[in-house]
Amino acid sequence: MTQSMQDTPANQVDQQANALQRMLQPNSIAIVGASSDLNKVSGRPLKYLLEKGYKGAIYPINPKAKDIAGVAAVPDIASLPDGVDLAVVVLPAEQIEATVIELAKKKIPVAVVFASGFGEMGAEGKAMEASLQQAAQKAGIRILGPNCLGLFNAFNRAIATFSQYADGEMNAGPVGFISQSGAFGTAICALSRARQMGFGFFVNTGNEVDISVMELMQEMLALPALKVCSGYLEGLNNGHALAAVAEQAMQLDKPIVLTKVGRFGAGARAAASHTGSLAGEDRVFDGLVQQKGIVRARNEEHMLDIVEVLLHCERPTGKNLAIITQSGGAGVLLADRAEEVGLSVPALGETTRKAIAQVIPGFGATGNPVDVTAQFVAQPSILTESTIIALNDPDIDVGVVWLQLMHGFTDKLLEVFAEIKSRAKKPFVVVWVSASEKAIAGLRERGIVVFRNGDAAVDALAAVAQYAQARRRWQADLDLSQKQANLGRQQRPTGVEPGRPVPTVQALALLKAFNIHSAQAELVTSAEAAVEAAKRIAPSGSVALKIESMEVLHKTDVGGVALNLSSDDAVRQAFLDITQRVTKAKPEARQDGILVQAMSSGRVEFILGLKHDSVFGMVLMMGLGGVWIEVLKDVVFCQCPVTPAEAADALGRLKGAALLEAFRGQPAVNKEALIQTIVSLSQLGKACEDWLSELDLNPILLSDKGLVAVDVAMVA
């Protein structure tokens with residue numbers, strides 16, 4: 001694939017952006033290889049442009065026809081006027097390269113290439129793709145595809161696709177959708193149409209020989225007609241571009257909802273550190289999108305659920321959910337799911353409960369969930385007033401109303417929900433189990449989001465609450481984020497080669513420069529020097545001795561560690577024992593000495609790490625440390641640098657986060673110190689991004705007083 005716009009020379013960026021703008025909103029379209037048979041793949045683009053009412057100029061290129069469907073045909077590319085906005089190329093793979101070169105000569109900025117037979121077909125296809133890429137770059141023309149279904153703009157009816165999706169109604173809605181899959185992407189478009197939620201723009205990027213999802217996302221976010229952008233990803237090769245798009249989305253308050261497959265397929269790469277071994281592409285991707293406020297959906301239905309709530313509901317100001325239902329059992333199910341996905345279901349305040357009790361039957365429930373019973377059928381105001389009262393509770397941020405069947409009362413219930421929407425000051429959605437099509441359509445016409453089951457509703461609300469929280473965090477951290485973007489570079493320690501470990505003393509000095517607290521330590525080369533160092537470091541305590549060797553990364557594996565040494569004789573003997581054990585286990589390893597380090601204590605072992613990821617750049621990992629990192633693998637990744645609010649949010653996503661809190665008489669750890677250390681380490685990672693490969697601080701011992709890093713492994 002080509003370099004991203006972030007890496008492109010400045011004098012080319014405007015031209016590239018202009019090409020994408022003209023592609024998305026073309027005033028003129030040429031169809032190279034247009035067939036006079038409008039039912040063929042090569043005839044459909046013209047068919048759809050005519051049927052859907054495209055108002056721009058159309059130039060079907062066919063040397064054998066004078067006109068096609070009443071549109072004057074052009075015999076060849078050379079006969080086109082200069083500067084047509086978009087070319088749709090409907091030719092076989094072997095003709096594509098020569099065709100795009102000819103199009104470039106006519107100053108056409110971008111070509112949509114449908115043809116397959118490129119990189120997806122193996123070595124020969126990859127070679128063709130590489131040649132096409134080079135030819136297009138040299139000629140100065142952008143390419144969408146190859147092996148793609150093209151695009152459509154439902155606003156100006158520019159239908160540059162052969163997909164049968166275009167046979168149906170093209171409703172222009174405020175959603176942009178980009179897909180790396182053609183068939184699956186148009187299937188999602190069809191689902192959105194069934195929900196009366198048409199996509200305003202759709203683009204399939206295919207093999208992405210040139211134009212990428214992230215470039216298109218940047219362009220779509222800038223379009224005033226769009227409120228939400230969504231995408232389907234199968235892979236990503238530029239994490240920095242993703243972060244830049246996320247920042248743009250935050251600035252514009254236009255949420256991005258992505259479905260990415262391959263969650264478990266990437267696997268973990270062998271690496272020198274725990275951080276490296278756990279940094280599979282998807283694990284890092286998941287951490288980055290949560291850090292940056294991009295909403296990740298599990299599948300196509302979940303994606304559309306989230307998009308629909310984002311379109312029609314105000315952003316909730318928190319994660320507290322009110323549940324109003326006609327079934328106690330349904331209320332419990334909704335409450336269980338809410339807590340499972342990160343929402344809270346707090347008890348309603350006493351004032352709220354008393355007000356609801358004045359409205360609902362005595363055999364109903366006024367807590368949360370609120371059970372209005374089936375009595376609301378006879379008296380609809382029960383549902384109206386109880387919902388409004390519950391939503392007005394100061395501890396509630398968003399609501400869900402659950403009901404079932406009620407086919408005979410559809411019209412009345414539509415009036416009820418319309419009134420609730422007009423009076424409610426907080427967002428809510430409806431779950432209507434076994435609803436009629438009339439009920440579903442009626443609610444959607446009124447801008448009310450309706451689901452057919454509770455899990456889908458709660459999951460979508462949780463995702464939207466997550467986005468709202470991320471944007472509040474972004475706004476609070478805005479000044480700090482801008483300052484962190486200007487972090488200076490830190491040079492590689494002297495004498496350290498790429499791919500080699502950094503000596504511990506130099507690593508500790510770098511940590512100290514970034515205010516990361518580590519246990520006091522000295523490097524010695526004799527048993528007597530170890531005894532003297534122990535007296536200086538821990539005059540009334542104990543020390544640990546650790547082998548220092550650039551050939552030994554995991555010291556305990558070769559007997560290179562001795563702990564809790566409190567006497568001169570113990571230190572002296574440990575020095576000799578470690579030297580002998582390491583010599584026996586790894587006779588080829590050069591021993592640079594023994595590190596004498598003060599023993600430290602803490603209630604919780606934690607790990608922080610850095611890893612230079614080929615896709616996302618420098619990333620930071622956090623999780624439970626010591627041996628638990630290998631057993632539980634309970635970790636979260638963020639892209640460097642990290643702000644305090646992002647660090648706190650990431651800590652909250654750890655499954656073992658409760659271990660950081662007070663329990664069984666033990667005080668909570670000092671989370672402020674931990675958050676500051678996370679921020680400082682992320683700043684170190686950003687400053688050393690040019691040379692640092694991996695770093696582990698494991699374990700870091702946490703207590704209520706603070707923290708101390710007792711072991712560091714750093715690789716250049």
# chains A, B, ... in the order shown; residues from 1 in each chain; ligands from 1
call {"tool": "select_by_dssp", "arguments": {"residues": "segment 333-459 of chain A", "states": "strand (DSSP E)", "output": "PyMOL selection string"}}
result
chain A and resi 370-371+398-404+428-433+450-451
call {"tool": "closest_atom_pairs", "arguments": {"of": "segment 392-487 of chain A", "to": "segment 245-260 of chain A", "cutoff": "9 Å", "atoms": "only C-alpha atoms", "output": "Markdown table"}}
result
| residue | atom | partner | partner_atom | distance |
| --- | --- | --- | --- | --- |
| A:Tyr467 | CA | A:Pro255 | CA | 7.4 |
| A:Ala470 | CA | A:Met250 | CA | 8.8 |
| A:Arg471 | CA | A:Met250 | CA | 6.4 |
| A:Trp474 | CA | A:Met250 | CA | 7.4 |
| A:Gln475 | CA | A:Met250 | CA | 8.6 |
call {"tool": "write_last_selection", "arguments": {"atoms": "all heavy atoms", "output": "compact mmCIF listing (two decimals), in the first residue's frame"}}
result
# COMPACT_ATOMS: atom_id res chain seq x y z
N TYR A 467 -18.61 6.39 24.43
CA TYR A 467 -18.17 7.50 23.57
C TYR A 467 -18.31 8.84 24.30
O TYR A 467 -17.40 9.68 24.26
CB TYR A 467 -18.97 7.54 22.26
CG TYR A 467 -18.72 8.82 21.51
CD1 TYR A 467 -17.56 9.00 20.78
CD2 TYR A 467 -19.63 9.89 21.56
CE1 TYR A 467 -17.29 10.19 20.11
CE2 TYR A 467 -19.37 11.08 20.90
CZ TYR A 467 -18.21 11.23 20.18
OH TYR A 467 -17.95 12.41 19.54
N ALA A 470 -15.60 9.26 26.74
CA ALA A 470 -14.32 9.52 26.08
C ALA A 470 -14.21 10.97 25.63
O ALA A 470 -13.14 11.58 25.72
CB ALA A 470 -14.15 8.57 24.89
N ARG A 471 -15.32 11.52 25.14
CA ARG A 471 -15.26 12.91 24.67
C ARG A 471 -15.12 13.88 25.85
O ARG A 471 -14.41 14.88 25.75
CB ARG A 471 -16.47 13.29 23.82
CG ARG A 471 -16.23 14.60 23.11
CD ARG A 471 -17.10 14.80 21.88
NE ARG A 471 -16.59 15.92 21.11
CZ ARG A 471 -16.81 17.20 21.42
NH1 ARG A 471 -17.52 17.51 22.49
NH2 ARG A 471 -16.31 18.16 20.67
N TRP A 474 -11.57 13.71 26.67
CA TRP A 474 -10.77 14.42 25.67
C TRP A 474 -10.84 15.94 25.90
O TRP A 474 -9.82 16.63 25.82
CB TRP A 474 -11.29 14.08 24.27
CG TRP A 474 -10.67 14.89 23.18
CD1 TRP A 474 -9.48 14.66 22.56
CD2 TRP A 474 -11.21 16.07 22.57
NE1 TRP A 474 -9.24 15.62 21.61
CE2 TRP A 474 -10.28 16.50 21.60
CE3 TRP A 474 -12.38 16.80 22.76
CZ2 TRP A 474 -10.51 17.63 20.81
CZ3 TRP A 474 -12.59 17.93 21.98
CH2 TRP A 474 -11.66 18.32 21.02
N GLN A 475 -12.02 16.44 26.20
CA GLN A 475 -12.15 17.88 26.44
C GLN A 475 -11.37 18.31 27.67
O GLN A 475 -10.73 19.36 27.67
CB GLN A 475 -13.63 18.25 26.59
CG GLN A 475 -14.41 18.15 25.27
CD GLN A 475 -15.90 18.36 25.47
OE1 GLN A 475 -16.51 17.80 26.39
NE2 GLN A 475 -16.51 19.15 24.60
call {"tool": "closest_atom_pairs", "arguments": {"of": "segment 584-690 of chain A", "to": "segment 539-545 of chain A", "cutoff": "7 Å", "atoms": "only C-alpha atoms", "output": "tab-separated table"}}
result
residue	atom	partner	partner_atom	distance
A:Ile594	CA	A:Leu545	CA	6.4
A:Leu595	CA	A:Leu545	CA	5.6
A:Val596	CA	A:Leu545	CA	4.8
A:Gln597	CA	A:Ala544	CA	5.2
A:Ala598	CA	A:Val543	CA	4.4
A:Met599	CA	A:Val543	CA	4.8
call {"tool": "write_last_selection", "arguments": {"atoms": "N, CA and C atoms", "output": "PDB file, in the first residue's frame"}}
result
ATOM      1  N   ILE A 594      27.171  -7.713  39.197  1.00  0.00           N
ATOM      2  CA  ILE A 594      25.977  -8.025  39.985  1.00  0.00           C
ATOM      3  C   ILE A 594      25.333  -6.711  40.419  1.00  0.00           C
ATOM      4  N   LEU A 595      24.025  -6.637  40.256  1.00  0.00           N
ATOM      5  CA  LEU A 595      23.279  -5.461  40.688  1.00  0.00           C
ATOM      6  C   LEU A 595      22.828  -5.672  42.127  1.00  0.00           C
ATOM      7  N   VAL A 596      23.192  -4.745  42.982  1.00  0.00           N
ATOM      8  CA  VAL A 596      22.753  -4.776  44.385  1.00  0.00           C
ATOM      9  C   VAL A 596      21.602  -3.778  44.512  1.00  0.00           C
ATOM     10  N   GLN A 597      20.468  -4.271  44.987  1.00  0.00           N
ATOM     11  CA  GLN A 597      19.256  -3.445  44.984  1.00  0.00           C
ATOM     12  C   GLN A 597      18.536  -3.573  46.313  1.00  0.00           C
ATOM     13  N   ALA A 598      18.027  -2.445  46.813  1.00  0.00           N
ATOM     14  CA  ALA A 598      17.272  -2.466  48.069  1.00  0.00           C
ATOM     15  C   ALA A 598      15.994  -3.270  47.901  1.00  0.00           C
ATOM     16  N   MET A 599      15.684  -4.110  48.898  1.00  0.00           N
ATOM     17  CA  MET A 599      14.415  -4.836  48.878  1.00  0.00           C
ATOM     18  C   MET A 599      13.269  -3.846  49.105  1.00  0.00           C
TER      19      MET A 599
END
call {"tool": "decode", "arguments": {"residues": "segment 407-455 of chain A", "atoms": "N, CA and C atoms", "output": "PDB file, in the first residue's frame"}}
result
ATOM      1  N   HIS A 407     -50.169  -5.268  20.115  1.00  0.00           N
ATOM      2  CA  HIS A 407     -50.503  -4.908  18.740  1.00  0.00           C
ATOM      3  C   HIS A 407     -51.778  -4.066  18.657  1.00  0.00           C
ATOM      4  N   GLY A 408     -52.718  -4.341  19.524  1.00  0.00           N
ATOM      5  CA  GLY A 408     -53.986  -3.619  19.473  1.00  0.00           C
ATOM      6  C   GLY A 408     -53.897  -2.205  20.009  1.00  0.00           C
ATOM      7  N   PHE A 409     -52.753  -1.861  20.599  1.00  0.00           N
ATOM      8  CA  PHE A 409     -52.619  -0.537  21.218  1.00  0.00           C
ATOM      9  C   PHE A 409     -51.494   0.269  20.569  1.00  0.00           C
ATOM     10  N   THR A 410     -51.119  -0.121  19.351  1.00  0.00           N
ATOM     11  CA  THR A 410     -49.967   0.508  18.695  1.00  0.00           C
ATOM     12  C   THR A 410     -50.132   2.014  18.560  1.00  0.00           C
ATOM     13  N   ASP A 411     -51.257   2.450  18.040  1.00  0.00           N
ATOM     14  CA  ASP A 411     -51.449   3.881  17.816  1.00  0.00           C
ATOM     15  C   ASP A 411     -51.334   4.673  19.111  1.00  0.00           C
ATOM     16  N   LYS A 412     -51.967   4.152  20.167  1.00  0.00           N
ATOM     17  CA  LYS A 412     -51.925   4.857  21.445  1.00  0.00           C
ATOM     18  C   LYS A 412     -50.512   4.903  22.010  1.00  0.00           C
ATOM     19  N   LEU A 413     -49.789   3.791  21.880  1.00  0.00           N
ATOM     20  CA  LEU A 413     -48.431   3.749  22.418  1.00  0.00           C
ATOM     21  C   LEU A 413     -47.485   4.652  21.622  1.00  0.00           C
ATOM     22  N   LEU A 414     -47.729   4.782  20.340  1.00  0.00           N
ATOM     23  CA  LEU A 414     -46.921   5.719  19.561  1.00  0.00           C
ATOM     24  C   LEU A 414     -47.110   7.142  20.076  1.00  0.00           C
ATOM     25  N   GLU A 415     -48.344   7.480  20.446  1.00  0.00           N
ATOM     26  CA  GLU A 415     -48.609   8.796  21.027  1.00  0.00           C
ATOM     27  C   GLU A 415     -47.893   8.943  22.370  1.00  0.00           C
ATOM     28  N   VAL A 416     -47.923   7.863  23.173  1.00  0.00           N
ATOM     29  CA  VAL A 416     -47.276   7.895  24.489  1.00  0.00           C
ATOM     30  C   VAL A 416     -45.777   8.165  24.343  1.00  0.00           C
ATOM     31  N   PHE A 417     -45.133   7.418  23.452  1.00  0.00           N
ATOM     32  CA  PHE A 417     -43.680   7.579  23.305  1.00  0.00           C
ATOM     33  C   PHE A 417     -43.329   8.928  22.680  1.00  0.00           C
ATOM     34  N   ALA A 418     -44.178   9.431  21.801  1.00  0.00           N
ATOM     35  CA  ALA A 418     -43.938  10.754  21.243  1.00  0.00           C
ATOM     36  C   ALA A 418     -44.002  11.817  22.339  1.00  0.00           C
ATOM     37  N   GLU A 419     -44.938  11.649  23.282  1.00  0.00           N
ATOM     38  CA  GLU A 419     -45.039  12.600  24.391  1.00  0.00           C
ATOM     39  C   GLU A 419     -43.826  12.494  25.306  1.00  0.00           C
ATOM     40  N   ILE A 420     -43.412  11.256  25.590  1.00  0.00           N
ATOM     41  CA  ILE A 420     -42.223  11.085  26.435  1.00  0.00           C
ATOM     42  C   ILE A 420     -41.023  11.767  25.797  1.00  0.00           C
ATOM     43  N   LYS A 421     -40.857  11.578  24.498  1.00  0.00           N
ATOM     44  CA  LYS A 421     -39.714  12.181  23.808  1.00  0.00           C
ATOM     45  C   LYS A 421     -39.778  13.706  23.883  1.00  0.00           C
ATOM     46  N   SER A 422     -40.968  14.268  23.773  1.00  0.00           N
ATOM     47  CA  SER A 422     -41.093  15.729  23.795  1.00  0.00           C
ATOM     48  C   SER A 422     -40.828  16.303  25.178  1.00  0.00           C
ATOM     49  N   ARG A 423     -41.077  15.516  26.211  1.00  0.00           N
ATOM     50  CA  ARG A 423     -40.927  16.021  27.578  1.00  0.00           C
ATOM     51  C   ARG A 423     -39.628  15.597  28.256  1.00  0.00           C
ATOM     52  N   ALA A 424     -39.054  14.499  27.798  1.00  0.00           N
ATOM     53  CA  ALA A 424     -37.868  13.960  28.480  1.00  0.00           C
ATOM     54  C   ALA A 424     -36.664  14.871  28.290  1.00  0.00           C
ATOM     55  N   LYS A 425     -35.909  15.061  29.344  1.00  0.00           N
ATOM     56  CA  LYS A 425     -34.697  15.860  29.287  1.00  0.00           C
ATOM     57  C   LYS A 425     -33.447  14.994  29.177  1.00  0.00           C
ATOM     58  N   LYS A 426     -33.649  13.684  29.163  1.00  0.00           N
ATOM     59  CA  LYS A 426     -32.525  12.759  29.043  1.00  0.00           C
ATOM     60  C   LYS A 426     -32.856  11.721  27.971  1.00  0.00           C
ATOM     61  N   PRO A 427     -31.846  11.125  27.359  1.00  0.00           N
ATOM     62  CA  PRO A 427     -32.094  10.168  26.277  1.00  0.00           C
ATOM     63  C   PRO A 427     -32.704   8.864  26.784  1.00  0.00           C
ATOM     64  N   PHE A 428     -33.467   8.224  25.910  1.00  0.00           N
ATOM     65  CA  PHE A 428     -34.023   6.909  26.234  1.00  0.00           C
ATOM     66  C   PHE A 428     -34.235   6.146  24.936  1.00  0.00           C
ATOM     67  N   VAL A 429     -34.313   4.821  25.055  1.00  0.00           N
ATOM     68  CA  VAL A 429     -34.648   3.963  23.916  1.00  0.00           C
ATOM     69  C   VAL A 429     -35.768   3.031  24.344  1.00  0.00           C
ATOM     70  N   VAL A 430     -36.368   2.379  23.350  1.00  0.00           N
ATOM     71  CA  VAL A 430     -37.488   1.475  23.602  1.00  0.00           C
ATOM     72  C   VAL A 430     -37.100   0.064  23.182  1.00  0.00           C
ATOM     73  N   VAL A 431     -37.441  -0.904  24.011  1.00  0.00           N
ATOM     74  CA  VAL A 431     -37.378  -2.315  23.626  1.00  0.00           C
ATOM     75  C   VAL A 431     -38.818  -2.794  23.499  1.00  0.00           C
ATOM     76  N   TRP A 432     -39.195  -3.189  22.296  1.00  0.00           N
ATOM     77  CA  TRP A 432     -40.575  -3.633  22.052  1.00  0.00           C
ATOM     78  C   TRP A 432     -40.490  -5.042  21.467  1.00  0.00           C
ATOM     79  N   VAL A 433     -40.638  -6.021  22.328  1.00  0.00           N
ATOM     80  CA  VAL A 433     -40.512  -7.415  21.917  1.00  0.00           C
ATOM     81  C   VAL A 433     -41.743  -7.833  21.122  1.00  0.00           C
ATOM     82  N   SER A 434     -41.528  -8.477  19.990  1.00  0.00           N
ATOM     83  CA  SER A 434     -42.604  -8.931  19.102  1.00  0.00           C
ATOM     84  C   SER A 434     -43.479  -7.765  18.642  1.00  0.00           C
ATOM     85  N   ALA A 435     -42.817  -6.641  18.386  1.00  0.00           N
ATOM     86  CA  ALA A 435     -43.557  -5.464  17.914  1.00  0.00           C
ATOM     87  C   ALA A 435     -44.003  -5.668  16.473  1.00  0.00           C
ATOM     88  N   SER A 436     -45.087  -5.015  16.117  1.00  0.00           N
ATOM     89  CA  SER A 436     -45.542  -5.043  14.730  1.00  0.00           C
ATOM     90  C   SER A 436     -44.645  -4.148  13.889  1.00  0.00           C
ATOM     91  N   GLU A 437     -44.640  -4.381  12.576  1.00  0.00           N
ATOM     92  CA  GLU A 437     -43.866  -3.524  11.686  1.00  0.00           C
ATOM     93  C   GLU A 437     -44.380  -2.089  11.743  1.00  0.00           C
ATOM     94  N   LYS A 438     -45.663  -1.945  11.968  1.00  0.00           N
ATOM     95  CA  LYS A 438     -46.241  -0.611  12.093  1.00  0.00           C
ATOM     96  C   LYS A 438     -45.654   0.114  13.304  1.00  0.00           C
ATOM     97  N   ALA A 439     -45.514  -0.613  14.410  1.00  0.00           N
ATOM     98  CA  ALA A 439     -44.963  -0.003  15.620  1.00  0.00           C
ATOM     99  C   ALA A 439     -43.504   0.404  15.411  1.00  0.00           C
ATOM    100  N   ILE A 440     -42.719  -0.494  14.806  1.00  0.00           N
ATOM    101  CA  ILE A 440     -41.304  -0.209  14.562  1.00  0.00           C
ATOM    102  C   ILE A 440     -41.167   1.024  13.668  1.00  0.00           C
ATOM    103  N   ALA A 441     -41.905   1.009  12.553  1.00  0.00           N
ATOM    104  CA  ALA A 441     -41.825   2.128  11.618  1.00  0.00           C
ATOM    105  C   ALA A 441     -42.310   3.421  12.262  1.00  0.00           C
ATOM    106  N   GLY A 442     -43.361   3.328  13.055  1.00  0.00           N
ATOM    107  CA  GLY A 442     -43.913   4.520  13.685  1.00  0.00           C
ATOM    108  C   GLY A 442     -42.947   5.167  14.657  1.00  0.00           C
ATOM    109  N   LEU A 443     -42.254   4.366  15.458  1.00  0.00           N
ATOM    110  CA  LEU A 443     -41.274   4.920  16.389  1.00  0.00           C
ATOM    111  C   LEU A 443     -40.107   5.549  15.641  1.00  0.00           C
ATOM    112  N   ARG A 444     -39.644   4.865  14.606  1.00  0.00           N
ATOM    113  CA  ARG A 444     -38.512   5.415  13.856  1.00  0.00           C
ATOM    114  C   ARG A 444     -38.882   6.714  13.150  1.00  0.00           C
ATOM    115  N   GLU A 445     -40.107   6.809  12.654  1.00  0.00           N
ATOM    116  CA  GLU A 445     -40.555   8.056  12.036  1.00  0.00           C
ATOM    117  C   GLU A 445     -40.543   9.203  13.038  1.00  0.00           C
ATOM    118  N   ARG A 446     -40.719   8.876  14.303  1.00  0.00           N
ATOM    119  CA  ARG A 446     -40.743   9.900  15.353  1.00  0.00           C
ATOM    120  C   ARG A 446     -39.358  10.133  15.964  1.00  0.00           C
ATOM    121  N   GLY A 447     -38.341   9.508  15.375  1.00  0.00           N
ATOM    122  CA  GLY A 447     -36.983   9.697  15.879  1.00  0.00           C
ATOM    123  C   GLY A 447     -36.706   8.978  17.175  1.00  0.00           C
ATOM    124  N   ILE A 448     -37.463   7.912  17.434  1.00  0.00           N
ATOM    125  CA  ILE A 448     -37.295   7.135  18.666  1.00  0.00           C
ATOM    126  C   ILE A 448     -36.644   5.806  18.310  1.00  0.00           C
ATOM    127  N   VAL A 449     -35.544   5.487  18.945  1.00  0.00           N
ATOM    128  CA  VAL A 449     -34.809   4.262  18.647  1.00  0.00           C
ATOM    129  C   VAL A 449     -35.521   3.086  19.314  1.00  0.00           C
ATOM    130  N   VAL A 450     -35.770   2.038  18.533  1.00  0.00           N
ATOM    131  CA  VAL A 450     -36.499   0.883  19.039  1.00  0.00           C
ATOM    132  C   VAL A 450     -35.715  -0.383  18.741  1.00  0.00           C
ATOM    133  N   PHE A 451     -35.677  -1.281  19.722  1.00  0.00           N
ATOM    134  CA  PHE A 451     -34.996  -2.568  19.593  1.00  0.00           C
ATOM    135  C   PHE A 451     -35.994  -3.694  19.803  1.00  0.00           C
ATOM    136  N   ARG A 452     -35.656  -4.861  19.256  1.00  0.00           N
ATOM    137  CA  ARG A 452     -36.523  -6.031  19.413  1.00  0.00           C
ATOM    138  C   ARG A 452     -36.094  -6.914  20.579  1.00  0.00           C
ATOM    139  N   ASN A 453     -34.934  -6.638  21.211  1.00  0.00           N
ATOM    140  CA  ASN A 453     -34.532  -7.393  22.409  1.00  0.00           C
ATOM    141  C   ASN A 453     -33.711  -6.508  23.324  1.00  0.00           C
ATOM    142  N   GLY A 454     -33.665  -6.885  24.572  1.00  0.00           N
ATOM    143  CA  GLY A 454     -33.036  -6.044  25.582  1.00  0.00           C
ATOM    144  C   GLY A 454     -31.533  -5.960  25.483  1.00  0.00           C
ATOM    145  N   ASP A 455     -30.862  -7.092  25.189  1.00  0.00           N
ATOM    146  CA  ASP A 455     -29.405  -7.070  25.113  1.00  0.00           C
ATOM    147  C   ASP A 455     -28.911  -6.059  24.079  1.00  0.00           C
TER     148      ASP A 455
END
